[in-house]
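Participant: Provided herewith: upload12.pdb, PDB, C-alpha atoms and all ligand atoms.
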```
ATOM      1  CA  MET A   1      -5.292  -3.171   5.173  1.00  0.00           C
ATOM      2  CA  ARG A   2      -2.016  -4.438   3.858  1.00  0.00           C
ATOM      3  CA  VAL A   3      -0.404  -3.117   0.716  1.00  0.00           C
ATOM      4  CA  LEU A   4       2.527  -4.296  -1.397  1.00  0.00           C
ATOM      5  CA  ILE A   5       4.538  -1.761  -3.395  1.00  0.00           C
ATOM      6  CA  VAL A   6       6.681  -3.119  -6.229  1.00  0.00           C
ATOM      7  CA  GLU A   7       8.740  -0.258  -7.601  1.00  0.00           C
ATOM      8  CA  ASP A   8      12.452  -0.164  -8.423  1.00  0.00           C
ATOM      9  CA  ASP A   9      12.757   3.623  -8.182  1.00  0.00           C
ATOM     10  CA  ARG A  10      13.849   3.831  -4.550  1.00  0.00           C
ATOM     11  CA  ASP A  11      12.728   7.414  -4.016  1.00  0.00           C
ATOM     12  CA  LEU A  12       9.287   6.764  -5.428  1.00  0.00           C
ATOM     13  CA  ASN A  13       9.008   3.516  -3.491  1.00  0.00           C
ATOM     14  CA  ARG A  14       9.840   5.387  -0.283  1.00  0.00           C
ATOM     15  CA  GLN A  15       7.356   8.200  -1.041  1.00  0.00           C
ATOM     16  CA  LEU A  16       4.611   5.688  -1.712  1.00  0.00           C
ATOM     17  CA  ALA A  17       5.428   3.744   1.446  1.00  0.00           C
ATOM     18  CA  SER A  18       5.335   6.840   3.589  1.00  0.00           C
ATOM     19  CA  ALA A  19       2.082   8.189   2.091  1.00  0.00           C
ATOM     20  CA  LEU A  20       0.376   4.804   2.499  1.00  0.00           C
ATOM     21  CA  THR A  21       1.669   4.341   6.034  1.00  0.00           C
ATOM     22  CA  ASP A  22       0.323   7.785   6.930  1.00  0.00           C
ATOM     23  CA  ALA A  23      -3.010   6.766   5.429  1.00  0.00           C
ATOM     24  CA  GLY A  24      -3.198   3.788   7.814  1.00  0.00           C
ATOM     25  CA  TYR A  25      -1.965   0.892   5.681  1.00  0.00           C
ATOM     26  CA  ALA A  26       0.553  -1.777   6.636  1.00  0.00           C
ATOM     27  CA  VAL A  27       3.174  -1.538   3.889  1.00  0.00           C
ATOM     28  CA  ASP A  28       5.592  -4.066   2.370  1.00  0.00           C
ATOM     29  CA  ALA A  29       8.003  -2.907  -0.321  1.00  0.00           C
ATOM     30  CA  ALA A  30       9.798  -4.814  -3.080  1.00  0.00           C
ATOM     31  CA  PHE A  31      12.338  -3.336  -5.482  1.00  0.00           C
ATOM     32  CA  ASP A  32      12.423  -5.816  -8.349  1.00  0.00           C
ATOM     33  CA  GLY A  33      10.040  -8.139 -10.168  1.00  0.00           C
ATOM     34  CA  GLU A  34      11.233 -11.396  -8.630  1.00  0.00           C
ATOM     35  CA  GLU A  35      10.967 -10.214  -5.054  1.00  0.00           C
ATOM     36  CA  GLY A  36       7.602  -8.598  -5.791  1.00  0.00           C
ATOM     37  CA  TYR A  37       6.293 -11.726  -7.482  1.00  0.00           C
ATOM     38  CA  PHE A  38       7.346 -13.861  -4.537  1.00  0.00           C
ATOM     39  CA  LEU A  39       5.722 -11.632  -1.922  1.00  0.00           C
ATOM     40  CA  GLY A  40       2.482 -11.308  -3.893  1.00  0.00           C
ATOM     41  CA  ASP A  41       2.421 -15.058  -4.375  1.00  0.00           C
ATOM     42  CA  THR A  42       2.922 -15.940  -0.730  1.00  0.00           C
ATOM     43  CA  GLU A  43       1.424 -13.113   1.361  1.00  0.00           C
ATOM     44  CA  PRO A  44      -2.189 -11.945   1.449  1.00  0.00           C
ATOM     45  CA  TYR A  45      -2.416  -8.314   0.304  1.00  0.00           C
ATOM     46  CA  ASP A  46      -5.497  -6.139   0.146  1.00  0.00           C
ATOM     47  CA  ILE A  47      -3.978  -4.134  -2.689  1.00  0.00           C
ATOM     48  CA  VAL A  48      -0.792  -4.113  -4.789  1.00  0.00           C
ATOM     49  CA  ILE A  49       0.864  -1.173  -6.526  1.00  0.00           C
ATOM     50  CA  LEU A  50       2.975  -2.572  -9.322  1.00  0.00           C
ATOM     51  CA  ASP A  51       5.394  -0.708 -11.569  1.00  0.00           C
ATOM     52  CA  THR A  52       5.415  -2.059 -15.118  1.00  0.00           C
ATOM     53  CA  GLY A  53       9.125  -1.541 -15.818  1.00  0.00           C
ATOM     54  CA  LEU A  54      11.026  -3.629 -13.275  1.00  0.00           C
ATOM     55  CA  PRO A  55      14.445  -5.320 -13.164  1.00  0.00           C
ATOM     56  CA  LYS A  56      14.696  -9.139 -13.042  1.00  0.00           C
ATOM     57  CA  MET A  57      11.077  -9.729 -14.046  1.00  0.00           C
ATOM     58  CA  ASP A  58       8.833  -7.366 -15.989  1.00  0.00           C
ATOM     59  CA  GLY A  59       5.803  -6.006 -14.114  1.00  0.00           C
ATOM     60  CA  LEU A  60       3.291  -7.350 -16.610  1.00  0.00           C
ATOM     61  CA  ARG A  61       4.800 -10.830 -16.361  1.00  0.00           C
ATOM     62  CA  VAL A  62       4.603 -10.632 -12.580  1.00  0.00           C
ATOM     63  CA  LEU A  63       0.926  -9.756 -12.881  1.00  0.00           C
ATOM     64  CA  GLU A  64       0.165 -12.473 -15.446  1.00  0.00           C
ATOM     65  CA  GLN A  65       1.777 -15.109 -13.270  1.00  0.00           C
ATOM     66  CA  TRP A  66      -0.157 -14.033 -10.204  1.00  0.00           C
ATOM     67  CA  ARG A  67      -3.406 -14.182 -12.119  1.00  0.00           C
ATOM     68  CA  ARG A  68      -2.520 -17.549 -13.610  1.00  0.00           C
ATOM     69  CA  SER A  69      -2.137 -18.960 -10.115  1.00  0.00           C
ATOM     70  CA  ASP A  70      -5.401 -17.316  -8.989  1.00  0.00           C
ATOM     71  CA  ARG A  71      -3.910 -14.536  -6.904  1.00  0.00           C
ATOM     72  CA  ASN A  72      -6.881 -12.210  -7.222  1.00  0.00           C
ATOM     73  CA  MET A  73      -5.991  -9.203  -5.064  1.00  0.00           C
ATOM     74  CA  PRO A  74      -6.621  -5.775  -6.644  1.00  0.00           C
ATOM     75  CA  VAL A  75      -3.589  -4.508  -8.560  1.00  0.00           C
ATOM     76  CA  ILE A  76      -2.939  -0.939  -9.688  1.00  0.00           C
ATOM     77  CA  ILE A  77      -0.144  -0.660 -12.230  1.00  0.00           C
ATOM     78  CA  LEU A  78       2.156   2.330 -12.639  1.00  0.00           C
ATOM     79  CA  THR A  79       2.849   3.083 -16.278  1.00  0.00           C
ATOM     80  CA  ALA A  80       4.977   5.546 -18.200  1.00  0.00           C
ATOM     81  CA  ARG A  81       2.969   8.577 -19.242  1.00  0.00           C
ATOM     82  CA  ASP A  82       3.085   8.239 -22.996  1.00  0.00           C
ATOM     83  CA  ARG A  83       2.869   4.501 -23.267  1.00  0.00           C
ATOM     84  CA  TRP A  84      -0.837   3.963 -23.856  1.00  0.00           C
ATOM     85  CA  SER A  85      -0.052   0.458 -25.072  1.00  0.00           C
ATOM     86  CA  ASP A  86       1.312  -0.366 -21.574  1.00  0.00           C
ATOM     87  CA  LYS A  87      -2.043   0.526 -20.067  1.00  0.00           C
ATOM     88  CA  VAL A  88      -3.908  -1.713 -22.495  1.00  0.00           C
ATOM     89  CA  ALA A  89      -1.458  -4.581 -21.970  1.00  0.00           C
ATOM     90  CA  GLY A  90      -1.672  -4.052 -18.210  1.00  0.00           C
ATOM     91  CA  MET A  91      -5.456  -4.174 -18.068  1.00  0.00           C
ATOM     92  CA  ASP A  92      -5.394  -7.251 -20.297  1.00  0.00           C
ATOM     93  CA  ALA A  93      -2.865  -8.879 -17.986  1.00  0.00           C
ATOM     94  CA  GLY A  94      -5.312  -8.499 -15.101  1.00  0.00           C
ATOM     95  CA  ALA A  95      -4.718  -5.023 -13.642  1.00  0.00           C
ATOM     96  CA  ASP A  96      -7.728  -3.412 -11.962  1.00  0.00           C
ATOM     97  CA  ASP A  97      -6.601   0.144 -12.543  1.00  0.00           C
ATOM     98  CA  TYR A  98      -3.579   2.140 -13.641  1.00  0.00           C
ATOM     99  CA  VAL A  99      -1.883   5.419 -12.812  1.00  0.00           C
ATOM    100  CA  ALA A 100       0.465   7.079 -15.290  1.00  0.00           C
ATOM    101  CA  LYS A 101       3.737   8.573 -14.049  1.00  0.00           C
ATOM    102  CA  PRO A 102       4.217  11.228 -12.901  1.00  0.00           C
ATOM    103  CA  PHE A 103       1.120  11.209 -10.720  1.00  0.00           C
ATOM    104  CA  HIS A 104      -0.271  13.087  -7.752  1.00  0.00           C
ATOM    105  CA  MET A 105      -0.082  11.059  -4.565  1.00  0.00           C
ATOM    106  CA  GLN A 106      -3.669  12.083  -3.714  1.00  0.00           C
ATOM    107  CA  GLU A 107      -4.899  10.525  -6.930  1.00  0.00           C
ATOM    108  CA  LEU A 108      -3.078   7.290  -6.258  1.00  0.00           C
ATOM    109  CA  LEU A 109      -4.422   7.157  -2.686  1.00  0.00           C
ATOM    110  CA  ALA A 110      -7.979   7.691  -3.947  1.00  0.00           C
ATOM    111  CA  ARG A 111      -7.573   4.847  -6.437  1.00  0.00           C
ATOM    112  CA  VAL A 112      -6.169   2.595  -3.726  1.00  0.00           C
ATOM    113  CA  ARG A 113      -9.130   3.345  -1.444  1.00  0.00           C
ATOM    114  CA  ALA A 114     -11.582   2.681  -4.252  1.00  0.00           C
ATOM    115  CA  GLN A 115     -10.030  -0.695  -5.081  1.00  0.00           C
ATOM    116  CA  VAL A 116      -9.847  -1.796  -1.444  1.00  0.00           C
ATOM    117  CA  ARG A 117     -13.493  -0.808  -0.938  1.00  0.00           C
ATOM    118  CA  ARG A 118     -14.661  -2.527  -4.078  1.00  0.00           C
ATOM    119  CA  ALA A 119     -12.798  -5.700  -3.217  1.00  0.00           C
ATOM    120  CA  SER A 120     -14.695  -5.919   0.064  1.00  0.00           C
ATOM    121  CA  GLY A 121     -18.019  -5.075  -1.582  1.00  0.00           C
ATOM    122  CA  HIS A 122     -18.377  -1.389  -0.711  1.00  0.00           C
ATOM    123  CA  ALA A 123     -19.069   1.203  -3.357  1.00  0.00           C
ATOM    124  CA  LYS A 124     -19.259   4.351  -1.209  1.00  0.00           C
ATOM    125  CA  SER A 125     -16.284   6.036   0.439  1.00  0.00           C
ATOM    126  CA  ASP A 126     -18.026   6.048   3.825  1.00  0.00           C
ATOM    127  CA  ILE A 127     -18.589   2.607   5.278  1.00  0.00           C
ATOM    128  CA  GLU A 128     -21.302   2.259   7.906  1.00  0.00           C
ATOM    129  CA  CYS A 129     -21.990  -0.357  10.514  1.00  0.00           C
ATOM    130  CA  GLY A 130     -24.828   0.548  12.884  1.00  0.00           C
ATOM    131  CA  PRO A 131     -23.831   3.714  14.773  1.00  0.00           C
ATOM    132  CA  LEU A 132     -20.272   3.519  13.416  1.00  0.00           C
ATOM    133  CA  ARG A 133     -19.130   5.308  10.306  1.00  0.00           C
ATOM    134  CA  LEU A 134     -15.710   4.911   8.710  1.00  0.00           C
ATOM    135  CA  ASP A 135     -14.600   7.802   6.541  1.00  0.00           C
ATOM    136  CA  THR A 136     -11.993   6.047   4.387  1.00  0.00           C
ATOM    137  CA  LYS A 137     -10.921   9.352   2.856  1.00  0.00           C
ATOM    138  CA  ALA A 138     -10.010  11.018   6.125  1.00  0.00           C
ATOM    139  CA  ALA A 139      -9.091   7.743   7.882  1.00  0.00           C
ATOM    140  CA  ARG A 140     -11.519   8.584  10.697  1.00  0.00           C
ATOM    141  CA  VAL A 141     -14.235   6.765  12.567  1.00  0.00           C
ATOM    142  CA  THR A 142     -17.275   8.343  14.181  1.00  0.00           C
ATOM    143  CA  LEU A 143     -19.753   6.832  16.624  1.00  0.00           C
ATOM    144  CA  ASN A 144     -23.192   8.460  16.418  1.00  0.00           C
ATOM    145  CA  GLY A 145     -21.500  11.361  14.671  1.00  0.00           C
ATOM    146  CA  GLN A 146     -18.851  11.836  17.375  1.00  0.00           C
ATOM    147  CA  PRO A 147     -15.198  11.186  16.469  1.00  0.00           C
ATOM    148  CA  VAL A 148     -13.695   8.056  18.041  1.00  0.00           C
ATOM    149  CA  LYS A 149     -10.108   8.603  19.131  1.00  0.00           C
ATOM    150  CA  LEU A 150      -7.985   5.720  17.903  1.00  0.00           C
ATOM    151  CA  THR A 151      -4.282   4.939  17.785  1.00  0.00           C
ATOM    152  CA  SER A 152      -2.989   3.931  14.365  1.00  0.00           C
ATOM    153  CA  HIS A 153      -3.116   0.211  15.227  1.00  0.00           C
ATOM    154  CA  GLU A 154      -6.610   0.497  16.640  1.00  0.00           C
ATOM    155  CA  TYR A 155      -7.658   2.315  13.492  1.00  0.00           C
ATOM    156  CA  ARG A 156      -6.190  -0.387  11.255  1.00  0.00           C
ATOM    157  CA  LEU A 157      -8.034  -3.067  13.176  1.00  0.00           C
ATOM    158  CA  LEU A 158     -11.387  -1.295  13.254  1.00  0.00           C
ATOM    159  CA  ALA A 159     -11.120  -0.254   9.592  1.00  0.00           C
ATOM    160  CA  TYR A 160     -10.460  -3.866   8.587  1.00  0.00           C
ATOM    161  CA  LEU A 161     -13.392  -5.125  10.658  1.00  0.00           C
ATOM    162  CA  MET A 162     -15.647  -2.464   9.156  1.00  0.00           C
ATOM    163  CA  HIS A 163     -14.654  -3.388   5.598  1.00  0.00           C
ATOM    164  CA  HIS A 164     -15.574  -6.969   6.529  1.00  0.00           C
ATOM    165  CA  SER A 165     -18.451  -6.465   8.952  1.00  0.00           C
ATOM    166  CA  GLU A 166     -21.091  -9.133   9.549  1.00  0.00           C
ATOM    167  CA  ARG A 167     -18.637 -11.933   8.868  1.00  0.00           C
ATOM    168  CA  VAL A 168     -16.261 -13.843  11.105  1.00  0.00           C
ATOM    169  CA  VAL A 169     -12.663 -12.713  10.710  1.00  0.00           C
ATOM    170  CA  SER A 170     -10.040 -15.036  12.129  1.00  0.00           C
ATOM    171  CA  ARG A 171      -7.156 -13.855  14.246  1.00  0.00           C
ATOM    172  CA  THR A 172      -4.698 -15.109  11.635  1.00  0.00           C
ATOM    173  CA  GLU A 173      -6.450 -13.103   8.946  1.00  0.00           C
ATOM    174  CA  LEU A 174      -6.238  -9.988  11.102  1.00  0.00           C
ATOM    175  CA  VAL A 175      -2.547 -10.494  11.826  1.00  0.00           C
ATOM    176  CA  GLU A 176      -1.859 -11.036   8.123  1.00  0.00           C
ATOM    177  CA  HIS A 177      -3.733  -7.959   6.990  1.00  0.00           C
ATOM    178  CA  LEU A 178      -2.787  -5.492   9.703  1.00  0.00           C
ATOM    179  CA  TYR A 179       0.952  -5.909   9.972  1.00  0.00           C
ATOM    180  CA  GLU A 180       3.950  -5.576   7.721  1.00  0.00           C
ATOM    181  CA  GLN A 181       6.005  -8.633   6.881  1.00  0.00           C
ATOM    182  CA  ASP A 182       8.765  -7.816   9.371  1.00  0.00           C
ATOM    183  CA  PHE A 183       6.429  -7.072  12.227  1.00  0.00           C
ATOM    184  CA  ASP A 184       6.628  -9.324  15.265  1.00  0.00           C
ATOM    185  CA  ARG A 185       3.386 -11.143  14.665  1.00  0.00           C
ATOM    186  CA  ASP A 186       2.138 -12.209  18.003  1.00  0.00           C
ATOM    187  CA  SER A 187      -1.550 -12.863  17.553  1.00  0.00           C
ATOM    188  CA  ASN A 188      -2.162 -12.187  21.258  1.00  0.00           C
ATOM    189  CA  THR A 189      -1.705  -8.508  20.508  1.00  0.00           C
ATOM    190  CA  ILE A 190      -4.906  -8.693  18.445  1.00  0.00           C
ATOM    191  CA  GLU A 191      -6.805  -9.634  21.572  1.00  0.00           C
ATOM    192  CA  VAL A 192      -5.326  -6.663  23.383  1.00  0.00           C
ATOM    193  CA  PHE A 193      -6.406  -4.299  20.604  1.00  0.00           C
ATOM    194  CA  ILE A 194      -9.878  -5.850  20.462  1.00  0.00           C
ATOM    195  CA  GLY A 195     -10.142  -5.200  24.195  1.00  0.00           C
ATOM    196  CA  ARG A 196      -9.185  -1.568  23.686  1.00  0.00           C
ATOM    197  CA  LEU A 197     -11.680  -1.142  20.852  1.00  0.00           C
ATOM    198  CA  ARG A 198     -14.453  -2.532  23.035  1.00  0.00           C
ATOM    199  CA  LYS A 199     -13.834   0.359  25.409  1.00  0.00           C
ATOM    200  CA  LYS A 200     -14.259   2.877  22.602  1.00  0.00           C
ATOM    201  CA  ILE A 201     -17.262   1.510  20.742  1.00  0.00           C
ATOM    202  CA  PRO A 202     -20.318  -0.388  22.061  1.00  0.00           C
ATOM    203  CA  PRO A 203     -18.573  -3.593  23.235  1.00  0.00           C
ATOM    204  CA  GLU A 204     -21.379  -5.911  22.105  1.00  0.00           C
ATOM    205  CA  MET A 205     -20.682  -4.907  18.500  1.00  0.00           C
ATOM    206  CA  ILE A 206     -17.482  -6.981  18.446  1.00  0.00           C
ATOM    207  CA  ARG A 207     -18.382 -10.531  19.230  1.00  0.00           C
ATOM    208  CA  THR A 208     -15.783 -13.207  19.928  1.00  0.00           C
ATOM    209  CA  ILE A 209     -16.653 -16.392  18.068  1.00  0.00           C
ATOM    210  CA  ARG A 210     -14.829 -19.075  20.036  1.00  0.00           C
ATOM    211  CA  GLY A 211     -12.155 -20.882  18.101  1.00  0.00           C
ATOM    212  CA  LEU A 212     -12.934 -18.890  14.951  1.00  0.00           C
ATOM    213  CA  GLY A 213     -12.286 -15.213  15.496  1.00  0.00           C
ATOM    214  CA  TYR A 214     -14.285 -12.018  15.740  1.00  0.00           C
ATOM    215  CA  ARG A 215     -17.334 -10.556  14.119  1.00  0.00           C
ATOM    216  CA  LEU A 216     -18.207  -6.888  13.967  1.00  0.00           C
ATOM    217  CA  SER A 217     -21.926  -6.541  13.591  1.00  0.00           C
ATOM    218  CA  ARG A 218     -24.517  -3.847  13.559  1.00  0.00           C
ATOM    219  CA  GLU A 219     -26.876  -5.727  15.827  1.00  0.00           C
ATOM    220  CA  GLY A 220     -24.335  -6.722  18.444  1.00  0.00           C
ATOM    221  CA  ASP A 221     -25.056  -9.865  20.444  1.00  0.00           C
ATOM    222  CA  GLU A 222     -28.491 -10.756  19.153  1.00  0.00           C
ATOM    223  CA  ASN A 223     -27.028 -11.690  15.807  1.00  0.00           C
TER
HETATM  224 CA    CA A 301      10.620   1.178 -13.079  1.00  0.00          CA
END
```
Can I see the file as structure tokens?
Facilitator:
Amino acid sequence: MRVLIVEDDRDLNRQLASALTDAGYAVDAAFDGEEGYFLGDTEPYDIVILDTGLPKMDGLRVLEQWRRSDRNMPVIILTARDRWSDKVAGMDAGADDYVAKPFHMQELLARVRAQVRRASGHAKSDIECGPLRLDTKAARVTLNGQPVKLTSHEYRLLAYLMHHSERVVSRTELVEHLYEQDFDRDSNTIEVFIGRLRKKIPPEMIRTIRGLGYRLSREGDEN
């Protein structure tokens, strides 16, 4: 899952980036409205955290422009504590949720998880696919109740596939949603990670659809 943080307060931006990285997200950071607008307009994010008060371009304008050009990713805005009118304006501009500053990182992370889940059609915090269960809260996967040991990149890949199970996910989509902007995006690495995952979960669950990508499915090959 790839997240964009648009926040001009460098300390807060760094804290957010580190908490989200620890939670298994690929993180891009922008420090003003123009840069944030550009990234959100050109890169596919699973979730955006957007400060409302930004230099160069106001956060609400950034959001309105994204929505006007049909950029529909979930957006959580950060607002000043006492500015209730900011929250109303933000929701009206197309925000999916808001968090008022100062906030507890755990609360923000829970809201991020909820939005990412909702956007992929899952209401519960545990996502299941056959014998696999993804605990989005603890960033853990179990197979028939037993923990599956995963590196952080393997986790990112499997978590993305589980959010989007039973549909074909292209290699490009995986590269775009699993790695930060600056990452050396060699899509062959995806194949390597898929190979490693197949050694940790029943291999028939991840089917290669030639020329299209991969599909994680409950039923494995028969599907
Ligand atoms: Ca600010």
Participant: For a cut-off of 8 Å around (-6.9, 6.9, 7.9), file coordinates, pick out all residues using all atoms listed in the file and list them as JSON, numbers by chain.
Facilitator: {"A": [22, 23, 24, 135, 136, 137, 138, 139, 140, 155]}
Participant: Would you list the residues that come within 6 Å of ligand CA 301 (chain A)? Count all atoms listed in the file and give the answer as a list of chain:residue names.
Facilitator: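 With all atoms listed in the file and a cut-off of 6 Å, ligand CA 301 (chain A) is contacted by A:Glu7, A:Asp8, A:Asp9, A:Asp51, A:Gly53, A:Leu54.
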Participant: Do you have, as JSON lines, the list of residues of segment 36-71 of chain A lying at most 7 Å from segment 87-95 of chain A, each with its nearest atom pair and that distance in Å to one decimal, counting all atoms listed in the file and ordered by chain then number?
Facilitator:
```
{"residue": "A:Leu60", "atom": "CA", "partner": "A:Gly90", "partner_atom": "CA", "distance": 6.2}
{"residue": "A:Leu63", "atom": "CA", "partner": "A:Ala93", "partner_atom": "CA", "distance": 6.4}
{"residue": "A:Glu64", "atom": "CA", "partner": "A:Ala93", "partner_atom": "CA", "distance": 5.3}
{"residue": "A:Arg67", "atom": "CA", "partner": "A:Gly94", "partner_atom": "CA", "distance": 6.7}
```
Participant: On this structure, which residues satisfy the PyMOL selection byres (((chain A and resi 28) around 9) and not hetatm), written as a PyMOL selection string?
Facilitator: chain A and resi 2-6+17+26-27+29-30+39+180-182
Participant: If the PyMOL selection byres (((chain A and resi 200) around 12) and not hetatm) were run on this exact file, what residues would it hold? Put them as number ranges by chain.
Facilitator: A: 132, 141-143, 146-151, 154-155, 158, 193-199, 201-206
Participant: On this structure, the PyMOL selection byres (((chain A and resi 125) around 12) and not hetatm) would catch which residues? List them as a PyMOL selection string, sorted by chain and number.
Facilitator: chain A and resi 110-118+121-124+126-128+133-140+163
Participant: Within 7 Å of Ala100 of chain A, counting all atoms listed in the file, which residues qualify if same-chain residues fewer than 6 places away don't, as a VMD selection string?
Facilitator: chain A and resid 78 to 81
Participant: Can you measure atom CA of Cys129 of chain A to atom CA of Arg215 of chain A for me? One decimal in Å is fine.
Facilitator: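 According to the coordinates, atom CA of Cys129 of chain A and atom CA of Arg215 of chain A are separated by 11.8 Å.
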Participant: Could you work out an axis-aligned bounding box for all listed atoms of segment 162-165 of chain A, with 3 Å added on each of the six sides, and give its centre and edge lengths in Å to one decimal, as lines of an AutoDock Vina configuration file?
Facilitator:
```
center_x = -16.6
center_y = -4.7
center_z = 7.4
size_x = 9.8
size_y = 10.5
size_z = 9.6
```
Participant: Quick one: pull the distance between atom CA of Leu20 of chain A and atom CA of Ala119 of chain A, Å, one decimal.
Facilitator: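 Atom CA of Ala119 of chain A lies at a distance of 17.8 Å from atom CA of Leu20 of chain A.
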Participant: Quote the spacing between atom CA of Arg156 of chain A and atom CA of Leu108 of chain A in Å to one decimal place.
Facilitator: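 Going from atom CA of Arg156 of chain A over to atom CA of Leu108 of chain A, I get 19.4 Å.
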Participant: Can you work out which one of A:Asp186, A:Asn144, A:Glu191, A:Ile209 has the shortest atom-to-atom distance to Leu157 of chain A, counting only C-alpha atoms?
Facilitator: A:Glu191
Participant: Using all atoms listed in the file, can you tell me which of A:Gln106, A:Ser217, A:Ser120, A:Ser85 comes closest to Arg167 of chain A?
Facilitator: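 Of A:Gln106, A:Ser217, A:Ser120, A:Ser85, the one nearest Arg167 of chain A is A:Ser217, counting all atoms listed in the file.
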Participant: Can you list, as a list in words, every protein, DNA or RNA residue that comes within 6 Å of Ile77 of chain A when you count only C-alpha atoms, leaving out same-chain residues fewer than 2 positions away?
Facilitator: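 Result of the neighbour search: Ile49, Leu50, Asp51 and Tyr98 of chain A.
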Participant: Could you pull the residues within 7 Å of Met1 of chain A, counting all atoms listed in the file, minus those fewer than 6 positions along the same chain, as a JSON list (two decimals) with C-alpha atoms, in the frame of the given file?
Facilitator:
```
[["chain", "number", "residue", "atom", "x", "y", "z"],
["A", 25, "TYR", "CA", -1.96, 0.89, 5.68],
["A", 26, "ALA", "CA", 0.55, -1.78, 6.64],
["A", 46, "ASP", "CA", -5.50, -6.14, 0.15],
["A", 156, "ARG", "CA", -6.19, -0.39, 11.26],
["A", 160, "TYR", "CA", -10.46, -3.87, 8.59],
["A", 177, "HIS", "CA", -3.73, -7.96, 6.99],
["A", 178, "LEU", "CA", -2.79, -5.49, 9.70]]
```
Participant: Need a file for segment 196-214 of chain A from that block: N, CA and C atoms, written as a PDB file, in the first residue's frame.
Facilitator:
```pdb
ATOM      1  N   ARG A 196       9.061 -16.159  -3.733  1.00  0.00           N
ATOM      2  CA  ARG A 196       9.303 -16.390  -2.298  1.00  0.00           C
ATOM      3  C   ARG A 196       8.003 -16.613  -1.540  1.00  0.00           C
ATOM      4  N   LEU A 197       6.959 -15.852  -1.929  1.00  0.00           N
ATOM      5  CA  LEU A 197       5.669 -16.034  -1.250  1.00  0.00           C
ATOM      6  C   LEU A 197       5.115 -17.429  -1.489  1.00  0.00           C
ATOM      7  N   ARG A 198       5.327 -17.930  -2.710  1.00  0.00           N
ATOM      8  CA  ARG A 198       4.798 -19.265  -3.033  1.00  0.00           C
ATOM      9  C   ARG A 198       5.446 -20.354  -2.194  1.00  0.00           C
ATOM     10  N   LYS A 199       6.600 -20.039  -1.601  1.00  0.00           N
ATOM     11  CA  LYS A 199       7.231 -21.027  -0.718  1.00  0.00           C
ATOM     12  C   LYS A 199       6.679 -20.925   0.699  1.00  0.00           C
ATOM     13  N   LYS A 200       5.961 -19.830   0.972  1.00  0.00           N
ATOM     14  CA  LYS A 200       5.476 -19.629   2.343  1.00  0.00           C
ATOM     15  C   LYS A 200       3.974 -19.857   2.504  1.00  0.00           C
ATOM     16  N   ILE A 201       3.260 -19.781   1.391  1.00  0.00           N
ATOM     17  CA  ILE A 201       1.822 -20.055   1.440  1.00  0.00           C
ATOM     18  C   ILE A 201       1.539 -21.118   0.369  1.00  0.00           C
ATOM     19  N   PRO A 202       0.366 -21.762   0.391  1.00  0.00           N
ATOM     20  CA  PRO A 202       0.105 -22.766  -0.653  1.00  0.00           C
ATOM     21  C   PRO A 202       0.311 -22.147  -2.038  1.00  0.00           C
ATOM     22  N   PRO A 203       1.278 -22.660  -2.818  1.00  0.00           N
ATOM     23  CA  PRO A 203       1.688 -21.988  -4.057  1.00  0.00           C
ATOM     24  C   PRO A 203       0.552 -21.822  -5.062  1.00  0.00           C
ATOM     25  N   GLU A 204      -0.411 -22.771  -5.049  1.00  0.00           N
ATOM     26  CA  GLU A 204      -1.490 -22.676  -6.046  1.00  0.00           C
ATOM     27  C   GLU A 204      -2.421 -21.495  -5.779  1.00  0.00           C
ATOM     28  N   MET A 205      -2.282 -20.881  -4.597  1.00  0.00           N
ATOM     29  CA  MET A 205      -3.149 -19.723  -4.311  1.00  0.00           C
ATOM     30  C   MET A 205      -2.774 -18.496  -5.146  1.00  0.00           C
ATOM     31  N   ILE A 206      -1.501 -18.388  -5.516  1.00  0.00           N
ATOM     32  CA  ILE A 206      -1.103 -17.248  -6.369  1.00  0.00           C
ATOM     33  C   ILE A 206      -0.911 -17.750  -7.789  1.00  0.00           C
ATOM     34  N   ARG A 207      -1.853 -17.414  -8.626  1.00  0.00           N
ATOM     35  CA  ARG A 207      -1.802 -17.889  -9.993  1.00  0.00           C
ATOM     36  C   ARG A 207      -1.221 -16.805 -10.900  1.00  0.00           C
ATOM     37  N   THR A 208      -0.329 -17.218 -11.796  1.00  0.00           N
ATOM     38  CA  THR A 208       0.190 -16.276 -12.789  1.00  0.00           C
ATOM     39  C   THR A 208      -0.758 -16.284 -13.980  1.00  0.00           C
ATOM     40  N   ILE A 209      -1.262 -15.121 -14.333  1.00  0.00           N
ATOM     41  CA  ILE A 209      -2.142 -15.013 -15.497  1.00  0.00           C
ATOM     42  C   ILE A 209      -1.272 -14.438 -16.612  1.00  0.00           C
ATOM     43  N   ARG A 210      -0.916 -15.259 -17.578  1.00  0.00           N
ATOM     44  CA  ARG A 210       0.091 -14.843 -18.560  1.00  0.00           C
ATOM     45  C   ARG A 210      -0.247 -13.552 -19.270  1.00  0.00           C
ATOM     46  N   GLY A 211       0.731 -12.656 -19.271  1.00  0.00           N
ATOM     47  CA  GLY A 211       0.569 -11.380 -19.952  1.00  0.00           C
ATOM     48  C   GLY A 211      -0.260 -10.376 -19.171  1.00  0.00           C
ATOM     49  N   LEU A 212      -0.881 -10.799 -18.067  1.00  0.00           N
ATOM     50  CA  LEU A 212      -1.752  -9.887 -17.329  1.00  0.00           C
ATOM     51  C   LEU A 212      -1.265  -9.599 -15.913  1.00  0.00           C
ATOM     52  N   GLY A 213      -0.826 -10.636 -15.225  1.00  0.00           N
ATOM     53  CA  GLY A 213      -0.363 -10.406 -13.859  1.00  0.00           C
ATOM     54  C   GLY A 213      -0.604 -11.606 -12.966  1.00  0.00           C
ATOM     55  N   TYR A 214      -1.046 -11.322 -11.744  1.00  0.00           N
ATOM     56  CA  TYR A 214      -1.220 -12.390 -10.762  1.00  0.00           C
ATOM     57  C   TYR A 214      -2.597 -12.302 -10.121  1.00  0.00           C
TER      58      TYR A 214
END
```
